[in-house]
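**Student:** Input structure_27.cif, format and content: mmCIF, C-alpha atoms.
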```
data_work
#
loop_
_atom_site.label_atom_id
_atom_site.label_comp_id
_atom_site.auth_asym_id
_atom_site.auth_seq_id
_atom_site.Cartn_x
_atom_site.Cartn_y
_atom_site.Cartn_z
CA MET Y 1 -123.36 -10.28 34.26
CA LYS Y 2 -125.77 -11.52 31.64
CA PRO Y 3 -125.73 -15.34 31.63
CA ARG Y 4 -125.25 -16.94 28.27
CA CYS Y 5 -125.08 -20.63 27.52
CA GLY Y 6 -126.77 -23.04 25.20
CA LEU Y 7 -126.59 -25.94 22.83
CA ILE Y 8 -123.22 -26.93 21.52
CA THR Y 9 -122.10 -27.76 18.05
CA VAL Y 10 -118.69 -29.02 17.10
CA VAL Y 11 -116.88 -28.38 13.86
CA SER Y 12 -113.72 -29.95 12.57
CA VAL Y 13 -111.10 -28.04 10.65
CA LEU Y 14 -107.72 -29.03 9.37
CA LEU Y 15 -104.97 -27.89 11.73
CA GLY Y 16 -101.45 -29.05 11.03
CA TRP Y 17 -101.42 -32.66 9.90
CA ILE Y 18 -104.59 -34.03 11.45
CA LEU Y 19 -108.22 -33.16 11.92
CA VAL Y 20 -108.70 -31.51 15.31
CA PRO Y 21 -112.26 -30.92 16.53
CA LEU Y 22 -112.74 -27.29 17.52
CA LEU Y 23 -115.41 -25.76 19.69
CA ALA Y 24 -118.17 -23.74 18.14
CA LEU Y 25 -119.45 -20.87 20.28
CA PRO Y 26 -122.39 -22.10 22.35
CA ALA Y 27 -125.65 -20.57 21.19
CA SER Y 28 -126.73 -17.66 23.35
CA ALA Y 29 -129.61 -18.20 25.75
CA THR Y 30 -131.24 -16.43 28.68
CA THR Y 31 -130.78 -19.25 31.17
CA SER Y 32 -128.09 -19.70 33.79
CA THR Y 33 -128.57 -23.46 34.08
CA VAL Y 34 -125.86 -25.96 33.21
CA THR Y 35 -126.08 -27.44 29.72
CA CYS Y 36 -124.23 -30.71 29.02
CA ARG Y 37 -124.47 -32.48 25.67
CA SER Y 38 -123.12 -35.68 24.13
CA SER Y 39 -124.75 -37.55 21.28
CA SER Y 40 -123.10 -40.84 22.30
CA HIS Y 41 -123.12 -40.47 26.12
CA ARG Y 42 -126.50 -38.92 26.86
CA ALA Y 43 -126.89 -40.54 30.29
CA LEU Y 44 -123.50 -39.19 31.37
CA ALA Y 45 -124.39 -35.72 30.09
CA ALA Y 46 -127.65 -35.79 32.04
CA ARG Y 47 -125.81 -36.91 35.18
CA LEU Y 48 -123.29 -34.08 34.83
CA ASP Y 49 -126.15 -31.60 34.35
CA ARG Y 50 -127.70 -32.75 37.60
CA ASP Y 51 -124.53 -33.05 39.66
CA ILE Y 52 -123.01 -29.70 38.66
CA ASP Y 53 -126.34 -28.05 39.44
CA ARG Y 54 -126.35 -29.71 42.88
CA ALA Y 55 -122.80 -28.53 43.57
CA LEU Y 56 -123.88 -24.95 42.87
CA ARG Y 57 -126.91 -24.94 45.14
CA GLY Y 58 -126.67 -22.50 47.99
CA ARG Y 59 -123.47 -20.85 46.71
CA VAL Y 60 -123.40 -17.06 46.38
CA SER Y 61 -120.54 -17.11 43.84
CA ALA Y 62 -121.12 -15.99 40.27
CA VAL Y 63 -119.84 -18.96 38.27
CA ALA Y 64 -118.92 -19.90 34.70
CA VAL Y 65 -118.08 -23.51 33.80
CA GLY Y 66 -116.64 -25.26 30.77
CA VAL Y 67 -116.10 -29.02 30.50
CA ASP Y 68 -114.57 -30.54 27.38
CA ASP Y 69 -114.15 -34.28 26.83
CA PRO Y 70 -113.49 -34.77 23.09
CA GLY Y 71 -113.16 -38.55 23.43
CA ARG Y 72 -116.76 -38.79 24.57
CA GLY Y 73 -117.93 -35.93 22.38
CA LEU Y 74 -119.09 -34.29 25.59
CA GLN Y 75 -119.16 -30.64 26.59
CA CYS Y 76 -120.79 -28.73 29.44
CA TRP Y 77 -121.32 -24.97 29.63
CA LEU Y 78 -122.56 -22.50 32.19
CA ASN Y 79 -122.40 -18.76 31.48
CA SER Y 80 -119.77 -19.57 28.85
CA SER Y 81 -119.47 -16.03 27.45
CA ASP Y 82 -119.53 -14.07 30.72
CA HIS Y 83 -116.34 -12.08 31.31
CA PHE Y 84 -114.14 -12.29 34.40
CA ASP Y 85 -110.91 -10.57 35.45
CA LEU Y 86 -108.40 -13.32 34.69
CA ALA Y 87 -105.88 -12.84 37.53
CA SER Y 88 -102.98 -15.32 37.33
CA VAL Y 89 -104.71 -17.72 34.97
CA VAL Y 90 -103.50 -15.31 32.24
CA LYS Y 91 -99.98 -16.61 32.83
CA VAL Y 92 -100.74 -19.64 30.64
CA THR Y 93 -101.65 -17.26 27.82
CA ILE Y 94 -98.49 -15.19 28.37
CA LEU Y 95 -96.33 -18.31 28.12
CA SER Y 96 -98.20 -19.58 25.06
CA ALA Y 97 -97.71 -16.23 23.31
CA LEU Y 98 -94.00 -16.27 24.21
CA LEU Y 99 -93.60 -19.74 22.73
CA ARG Y 100 -95.50 -18.78 19.58
CA ARG Y 101 -93.15 -15.81 19.10
CA ALA Y 102 -90.12 -18.07 19.57
CA GLN Y 103 -91.51 -20.47 16.97
CA GLU Y 104 -91.88 -17.65 14.46
CA GLN Y 105 -88.33 -16.57 15.20
CA HIS Y 106 -87.13 -20.17 14.71
CA ARG Y 107 -85.47 -20.40 18.09
CA HIS Y 108 -85.75 -21.95 21.54
CA LEU Y 109 -86.47 -19.92 24.66
CA THR Y 110 -83.45 -18.19 26.12
CA ARG Y 111 -82.18 -19.32 29.50
CA THR Y 112 -83.66 -16.20 31.10
CA GLU Y 113 -87.03 -16.73 29.41
CA ALA Y 114 -87.11 -20.36 30.54
CA ILE Y 115 -86.34 -19.44 34.16
CA LEU Y 116 -89.03 -16.77 34.19
CA ALA Y 117 -91.55 -19.10 32.53
CA GLU Y 118 -90.98 -21.80 35.13
CA GLU Y 119 -91.33 -19.36 38.02
CA MET Y 120 -94.43 -17.79 36.47
CA ILE Y 121 -96.30 -21.07 36.05
CA THR Y 122 -95.10 -23.36 38.84
CA GLU Y 123 -94.96 -20.70 41.57
CA SER Y 124 -97.28 -18.08 40.04
CA ASP Y 125 -94.47 -15.55 40.40
CA ASN Y 126 -95.80 -12.09 39.59
CA TYR Y 127 -92.46 -10.44 38.86
CA ALA Y 128 -91.74 -13.11 36.23
CA ALA Y 129 -95.19 -12.59 34.72
CA SER Y 130 -94.70 -8.81 34.52
CA VAL Y 131 -91.29 -9.17 32.85
CA LEU Y 132 -92.63 -11.62 30.24
CA TRP Y 133 -95.82 -9.56 29.70
CA ASP Y 134 -93.65 -6.56 28.85
CA ASP Y 135 -91.18 -8.62 26.83
CA VAL Y 136 -93.78 -10.35 24.66
CA GLY Y 137 -95.67 -7.10 24.23
CA ARG Y 138 -99.29 -6.38 23.38
CA HIS Y 139 -98.80 -6.92 19.65
CA ASP Y 140 -97.56 -10.50 20.02
CA LEU Y 141 -100.00 -11.26 22.82
CA GLN Y 142 -102.87 -10.17 20.60
CA HIS Y 143 -101.35 -12.03 17.66
CA PHE Y 144 -101.49 -15.25 19.68
CA LEU Y 145 -105.08 -14.61 20.78
CA SER Y 146 -106.09 -14.08 17.16
CA LEU Y 147 -104.39 -17.28 16.00
CA ALA Y 148 -106.01 -19.18 18.88
CA ARG Y 149 -109.42 -17.71 17.98
CA MET Y 150 -109.73 -16.42 21.54
CA THR Y 151 -111.83 -13.47 20.39
CA GLN Y 152 -113.58 -13.04 23.75
CA THR Y 153 -110.30 -12.35 25.58
CA TYR Y 154 -109.35 -8.70 26.15
CA LEU Y 155 -105.86 -7.83 27.36
CA GLY Y 156 -105.54 -5.88 30.60
CA PRO Y 157 -104.57 -2.19 30.41
CA GLY Y 158 -100.89 -1.26 30.42
CA PRO Y 159 -98.88 -3.48 32.77
CA TYR Y 160 -101.94 -4.90 34.53
CA TRP Y 161 -102.09 -8.40 33.11
CA GLY Y 162 -104.33 -9.49 36.01
CA LEU Y 163 -107.16 -7.36 34.61
CA THR Y 164 -107.24 -9.28 31.33
CA GLN Y 165 -110.87 -10.24 30.63
CA ILE Y 166 -111.66 -13.86 29.82
CA THR Y 167 -114.55 -16.27 29.33
CA ALA Y 168 -114.92 -19.95 30.14
CA TYR Y 169 -115.36 -20.63 26.43
CA ASN Y 170 -112.03 -19.03 25.52
CA GLU Y 171 -110.17 -20.82 28.31
CA VAL Y 172 -111.48 -24.16 27.05
CA LEU Y 173 -110.23 -23.17 23.59
CA LEU Y 174 -106.80 -22.51 25.11
CA LEU Y 175 -106.68 -25.89 26.84
CA ARG Y 176 -107.75 -27.64 23.64
CA LEU Y 177 -104.88 -25.92 21.89
CA LEU Y 178 -102.46 -27.35 24.44
CA VAL Y 179 -103.59 -30.98 24.11
CA ASN Y 180 -104.17 -31.25 20.34
CA ARG Y 181 -101.84 -30.92 17.36
CA ASN Y 182 -102.41 -27.61 15.64
CA ARG Y 183 -100.77 -24.87 13.60
CA VAL Y 184 -100.51 -22.37 16.45
CA LEU Y 185 -98.27 -24.24 18.91
CA ASP Y 186 -95.99 -27.07 17.86
CA SER Y 187 -95.63 -30.26 19.90
CA SER Y 188 -92.57 -29.11 21.83
CA SER Y 189 -94.29 -25.86 22.83
CA ARG Y 190 -97.44 -27.66 23.94
CA ASP Y 191 -95.45 -30.22 25.91
CA TYR Y 192 -93.48 -27.41 27.55
CA VAL Y 193 -96.59 -25.63 28.82
CA LEU Y 194 -98.27 -28.82 30.00
CA ASP Y 195 -95.12 -29.98 31.78
CA LEU Y 196 -94.91 -26.74 33.77
CA MET Y 197 -98.63 -26.89 34.60
CA ALA Y 198 -98.04 -30.40 35.96
CA GLN Y 199 -95.31 -29.05 38.27
CA VAL Y 200 -97.32 -26.32 40.02
CA ILE Y 201 -96.31 -26.24 43.68
CA PRO Y 202 -98.58 -28.15 46.14
CA ALA Y 203 -99.91 -24.99 47.82
CA GLN Y 204 -101.41 -23.89 44.48
CA ARG Y 205 -102.85 -27.21 43.30
CA TRP Y 206 -106.32 -26.51 44.62
CA GLY Y 207 -109.40 -26.17 42.45
CA VAL Y 208 -110.25 -28.38 39.49
CA PRO Y 209 -107.94 -31.27 40.55
CA ALA Y 210 -110.32 -32.07 43.45
CA GLY Y 211 -111.84 -35.52 43.00
CA ALA Y 212 -109.68 -36.44 39.99
CA PRO Y 213 -108.17 -39.94 39.87
CA THR Y 214 -104.65 -39.90 41.28
CA GLY Y 215 -103.56 -42.01 38.29
CA LEU Y 216 -104.08 -39.10 35.89
CA THR Y 217 -101.57 -36.32 35.28
CA VAL Y 218 -103.13 -33.01 36.33
CA HIS Y 219 -102.06 -29.85 34.51
CA VAL Y 220 -103.46 -26.88 36.44
CA LYS Y 221 -103.23 -23.11 36.77
CA ASN Y 222 -105.18 -21.00 39.24
CA GLY Y 223 -105.81 -17.32 39.84
CA TRP Y 224 -107.04 -15.34 42.84
CA LEU Y 225 -107.74 -11.63 43.11
CA PRO Y 226 -109.85 -9.50 45.52
CA LEU Y 227 -111.51 -6.28 44.36
CA LEU Y 228 -114.10 -4.13 46.09
CA ARG Y 229 -116.58 -4.78 43.28
CA HIS Y 230 -117.54 -8.47 42.98
CA GLY Y 231 -115.23 -9.51 45.83
CA TRP Y 232 -112.73 -12.32 45.31
CA ARG Y 233 -112.18 -13.59 41.79
CA ILE Y 234 -111.17 -17.24 42.16
CA HIS Y 235 -110.43 -19.27 39.01
CA SER Y 236 -109.07 -22.71 38.20
CA ILE Y 237 -108.34 -24.28 34.81
CA GLY Y 238 -106.90 -27.70 34.17
CA THR Y 239 -106.56 -30.58 31.78
CA PHE Y 240 -106.21 -34.23 32.76
CA THR Y 241 -104.09 -36.64 30.74
CA GLY Y 242 -103.10 -40.28 30.95
CA ARG Y 243 -105.03 -43.50 30.65
CA GLY Y 244 -108.68 -42.62 31.08
CA GLY Y 245 -107.92 -38.89 30.80
CA GLY Y 246 -108.10 -36.46 27.93
CA TYR Y 247 -110.55 -33.92 29.29
CA SER Y 248 -110.46 -30.33 30.54
CA ILE Y 249 -112.28 -28.32 33.20
CA VAL Y 250 -112.58 -24.55 33.54
CA VAL Y 251 -114.31 -22.91 36.51
CA LEU Y 252 -114.34 -19.11 36.84
CA THR Y 253 -115.92 -17.39 39.86
CA GLU Y 254 -116.44 -13.99 41.46
CA ASP Y 255 -118.62 -12.48 44.21
CA ASN Y 256 -116.82 -14.73 46.68
CA PRO Y 257 -116.69 -13.28 50.23
CA THR Y 258 -113.29 -14.96 50.82
CA MET Y 259 -110.72 -16.87 48.82
CA ALA Y 260 -111.51 -20.04 50.75
CA TYR Y 261 -115.19 -19.71 49.85
CA GLY Y 262 -114.35 -19.46 46.14
CA ILE Y 263 -112.07 -22.48 46.32
CA ASP Y 264 -114.84 -24.46 48.05
CA THR Y 265 -117.22 -23.50 45.24
CA ILE Y 266 -114.78 -24.60 42.54
CA GLU Y 267 -113.87 -27.85 44.27
CA ALA Y 268 -117.53 -28.82 44.82
CA ILE Y 269 -118.07 -28.47 41.07
CA ALA Y 270 -114.80 -30.23 40.20
CA ARG Y 271 -115.51 -33.21 42.46
CA ALA Y 272 -118.83 -33.76 40.74
CA ILE Y 273 -117.29 -33.56 37.26
CA ASN Y 274 -114.24 -35.70 38.00
CA ARG Y 275 -116.30 -38.40 39.70
CA ASP Y 276 -118.88 -38.57 36.92
CA LEU Y 277 -116.16 -38.82 34.26
CA ASN Y 278 -114.20 -41.44 36.25
CA PRO Y 279 -116.75 -43.51 38.21
CA ALA Y 280 -114.45 -46.51 38.70
CA ALA Y 281 -111.47 -44.61 40.12
CA ARG Y 282 -110.30 -46.02 43.45
CA SER Y 283 -107.99 -43.22 44.58
CA ARG Y 284 -108.81 -39.56 44.15
CA VAL Y 285 -107.26 -36.16 44.74
CA PRO Y 286 -108.63 -34.89 48.09
CA SER Y 287 -110.15 -31.49 48.68
CA SER Y 288 -107.68 -28.77 49.61
CA GLU Y 289 -106.93 -27.86 53.21
CA LEU Y 290 -107.17 -24.23 54.30
CA SER Y 291 -103.87 -22.40 53.86
CA PRO Y 292 -102.87 -19.00 55.40
CA SER Y 293 -101.62 -17.92 51.97
CA TRP Y 294 -105.15 -18.11 50.58
CA GLU Y 295 -106.05 -14.64 51.85
CA THR Y 296 -103.11 -12.96 50.10
CA PRO Y 297 -103.89 -11.21 46.77
CA ASP Y 298 -102.13 -12.77 43.82
CA GLU Y 299 -100.88 -9.54 42.24
CA LEU Y 300 -100.70 -5.78 42.54
CA LEU Y 301 -103.29 -3.66 40.76
CA PRO Y 302 -103.75 0.07 40.20
CA ALA Y 303 -105.40 1.94 43.07
CA VAL Y 304 -108.36 2.84 40.88
CA ALA Y 305 -109.20 -0.86 40.61
CA GLY Y 306 -110.27 -0.81 44.25
CA ILE Y 307 -108.32 -3.60 45.90
CA SER Y 308 -110.14 -4.92 48.94
CA ALA Y 309 -108.36 -5.68 52.17
CA ALA Y 310 -107.06 -9.25 52.27
#
```
The structure given in the file should be rewritten as structure tokens.

**Tutor:**
Amino acid sequence: MKPRCGLITVVSVLLGWILVPLLALPASATTSTVTCRSSSHRALAARLDRDIDRALRGRVSAVAVGVDDPGRGLQCWLNSSDHFDLASVVKVTILSALLRRAQEQHRHLTRTEAILAEEMITESDNYAASVLWDDVGRHDLQHFLSLARMTQTYLGPGPYWGLTQITAYNEVLLLRLLVNRNRVLDSSSRDYVLDLMAQVIPAQRWGVPAGAPTGLTVHVKNGWLPLLRHGWRIHSIGTFTGRGGGYSIVVLTEDNPTMAYGIDTIEAIARAINRDLNPAARSRVPSSELSPSWETPDELLPAVAGISAA
């Protein structure tokens, strides 16, 4: 992958009833170093630069990182425009597109849709994801991506939602959409997605929650997928709300020899970020303990994709 990251600018546009700051695409660069910027918290940005870099030392994983803290005017990027196979992280996009379609049809989710949505997010149920992927359809999925300005996201072929291509930049855009008032998703839709992300089962709450204050509400979704080329794809996205919260973290990885290795890489980065953003926290989310389920692929893929043995 060609690393791309750089300086960050922020623009504000009118969405809905209030001004919501939106991310401008980080300027391209030929460096793979972390870039953190904040005009009002320069010392914090420098500390995050240093600590994320330390967390990455010695790791063989290919990594992309996005950190967004609008309250501090702070963002961090690493390889922000590099593409990764999304795996089950795409399920947040599927649900968001479903809710956008329901809004345009002036209706609530049906009972069946609600059951499938809950299973898809809280348990990462693949059957539910496949049903909703087919039900929403490529037209409405792409319609949502266009409205969300997620122009770097490319839907997977046919029924293979796990092969959707994403970038850290676009996933940060998605999380911003969930926590700010906007014209794409109304407040009830945003609350619905965030509530399900806060109810993800304990076995799947690894990744970016590591090191976060236990007093914050953690909204998380992870994905894991082994392929012969680039090994395990291990991803974690999350946003943290509550008093002292209001920030998001995206970590995408590949070239991991095992799922556990990828989780370790993500959690080393997350601990550094969460601790730097919350230095006074007394109680923190611990690192995840090894689980037998970690070596099980998250979804089925076509044979031509080259699934590695798990």

**Student:** Please evaluate the PyMOL selection byres ((chain Y and resi 147) around 12) against the structure above and give the resulting residues as a list in words.

**Tutor:**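 Applying the expression gives Leu15, Ser96, Ala97, Arg100, Arg101, Asp140, Leu141, Gln142, His143, Phe144, Leu145, Ser146, Ala148, Arg149, Met150, Thr151, Leu173, Leu174, Leu177, Asn182, Arg183, Val184 and Leu185 of chain Y.
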
**Student:** Applied to this file, what does the PyMOL selection byres ((chain Y and resi 87-95) around 9) return in terms of residues, put as a PyMOL selection string?

**Tutor:** chain Y and resi 84-86+96-100+117+120-121+124+126+129+132-133+136+141+144-145+161-166+174+193+197+221-225+233-237+298-299

**Student:** If the PyMOL selection byres ((chain Y and resi 258) around 8) were run on this exact file, what residues would it hold? Put them as a PDB file with C-alpha atoms, in the coordinates of the input.

**Tutor:**
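Saved to part_17.pdb:
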```pdb
ATOM      1  CA  GLY Y 231    -115.230  -9.510  45.830  1.00  0.00           C
ATOM      2  CA  TRP Y 232    -112.730 -12.320  45.310  1.00  0.00           C
ATOM      3  CA  ASN Y 256    -116.820 -14.730  46.680  1.00  0.00           C
ATOM      4  CA  PRO Y 257    -116.690 -13.280  50.230  1.00  0.00           C
ATOM      5  CA  MET Y 259    -110.720 -16.870  48.820  1.00  0.00           C
ATOM      6  CA  ALA Y 260    -111.510 -20.040  50.750  1.00  0.00           C
ATOM      7  CA  TYR Y 261    -115.190 -19.710  49.850  1.00  0.00           C
ATOM      8  CA  GLY Y 262    -114.350 -19.460  46.140  1.00  0.00           C
ATOM      9  CA  GLU Y 295    -106.050 -14.640  51.850  1.00  0.00           C
TER      10      GLU Y 295
END
```

**Student:** Have a look at Y:Leu228, Y:Val220, Y:Val65, Y:Ile201 and name the one nearest to Val172 of chain Y; count all atoms listed in the file.

**Tutor:** Y:Val65

**Student:** Which residues, protein or nucleic acid, reach to within 9 Å of (-110.3, -36.8, 39.6) in the file's coordinates when using all atoms listed in the file, and can you give that as a list in words?

**Tutor:**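 I get Val208, Pro209, Ala210, Gly211, Ala212, Pro213, Thr214, Gly215, Leu216, Val218, Phe240, Ala270, Arg271, Ile273, Asn274, Arg275, Leu277, Asn278, Ala281, Ser283, Arg284, Val285 and Pro286 of chain Y for the residues within 9 Å of that point.
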
**Student:** Generate a file of the selected residues that holds C-alpha atoms, formatted as a short mmCIF file (atom, residue, chain, number, x, y, z; two decimals), in the coordinates of the input.

**Tutor:**
```
data_model
loop_
_atom_site.label_atom_id
_atom_site.label_comp_id
_atom_site.auth_asym_id
_atom_site.auth_seq_id
_atom_site.Cartn_x
_atom_site.Cartn_y
_atom_site.Cartn_z
CA VAL Y 208 -110.25 -28.38 39.49
CA PRO Y 209 -107.94 -31.27 40.55
CA ALA Y 210 -110.32 -32.07 43.45
CA GLY Y 211 -111.84 -35.52 43.00
CA ALA Y 212 -109.68 -36.44 39.99
CA PRO Y 213 -108.17 -39.94 39.87
CA THR Y 214 -104.65 -39.90 41.28
CA GLY Y 215 -103.56 -42.01 38.29
CA LEU Y 216 -104.08 -39.10 35.89
CA VAL Y 218 -103.13 -33.01 36.33
CA PHE Y 240 -106.21 -34.23 32.76
CA ALA Y 270 -114.80 -30.23 40.20
CA ARG Y 271 -115.51 -33.21 42.46
CA ILE Y 273 -117.29 -33.56 37.26
CA ASN Y 274 -114.24 -35.70 38.00
CA ARG Y 275 -116.30 -38.40 39.70
CA LEU Y 277 -116.16 -38.82 34.26
CA ASN Y 278 -114.20 -41.44 36.25
CA ALA Y 281 -111.47 -44.61 40.12
CA SER Y 283 -107.99 -43.22 44.58
CA ARG Y 284 -108.81 -39.56 44.15
CA VAL Y 285 -107.26 -36.16 44.74
CA PRO Y 286 -108.63 -34.89 48.09
#
```

**Student:** For His108 of chain Y, which residue out of Y:Asn79, Y:Thr33, Y:Thr167, Y:Ser188 is the nearest one, using only C-alpha atoms?

**Tutor:**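 Residue with the minimum atom-to-atom distance to His108 of chain Y: Y:Ser188.
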
**Student:** Provide the atom CA of Pro202 of chain Y to atom CA of Thr241 of chain Y distance in Å, to one decimal place.

**Tutor:**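 Calculated distance between atom CA of Pro202 of chain Y and atom CA of Thr241 of chain Y is 18.4 Å.
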
**Student:** Which residue gives the smallest distance to Trp206 of chain Y among Y:Leu227, Y:Asp255, Y:Asp264, Y:Asn180, with only C-alpha atoms counted?

**Tutor:**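 Among the listed residues, the smallest separation from Trp206 of chain Y belongs to Y:Asp264.
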
**Student:** One decimal, Å: what's the distance from atom CA of Glu123 of chain Y over to atom CA of Arg205 of chain Y, could you say?

**Tutor:** 10.4 Å

**Student:** So what do you get for atom CA of Gln75 of chain Y versus atom CA of Val250 of chain Y, distance-wise?

**Tutor:**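 So the two atoms, atom CA of Gln75 of chain Y and atom CA of Val250 of chain Y, lie 11.3 Å apart.
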
**Student:** Place a sphere of radius 8 Å on (-120.9, -30.4, 27.1) in the file coordinates and name every protein, DNA or RNA residue with an atom inside or on its surface, counting all atoms listed in the file; give the answer as a list in words.

**Tutor:**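 Those within range, by chain then number, are Ile8, Thr35, Cys36, Arg37, Ser38, Ala45, Gly66, Val67, Asp68, Asp69, Gly73, Leu74, Gln75, Cys76 and Trp77 of chain Y.
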
**Student:** Which is closest to Leu196 of chain Y among Y:Ala102, Y:Leu78, Y:Ala114, Y:Ala43, if we use all atoms listed in the file?

**Tutor:** Y:Ala114

**Student:** Restricting the calculation to all atoms listed in the file: of Y:Arg176, Y:Ile269, Y:Glu171, Y:Leu116, which residue gets closest to Val34 of chain Y?

**Tutor:**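 Ranked by minimum distance to Val34 of chain Y, first place goes to Y:Ile269.
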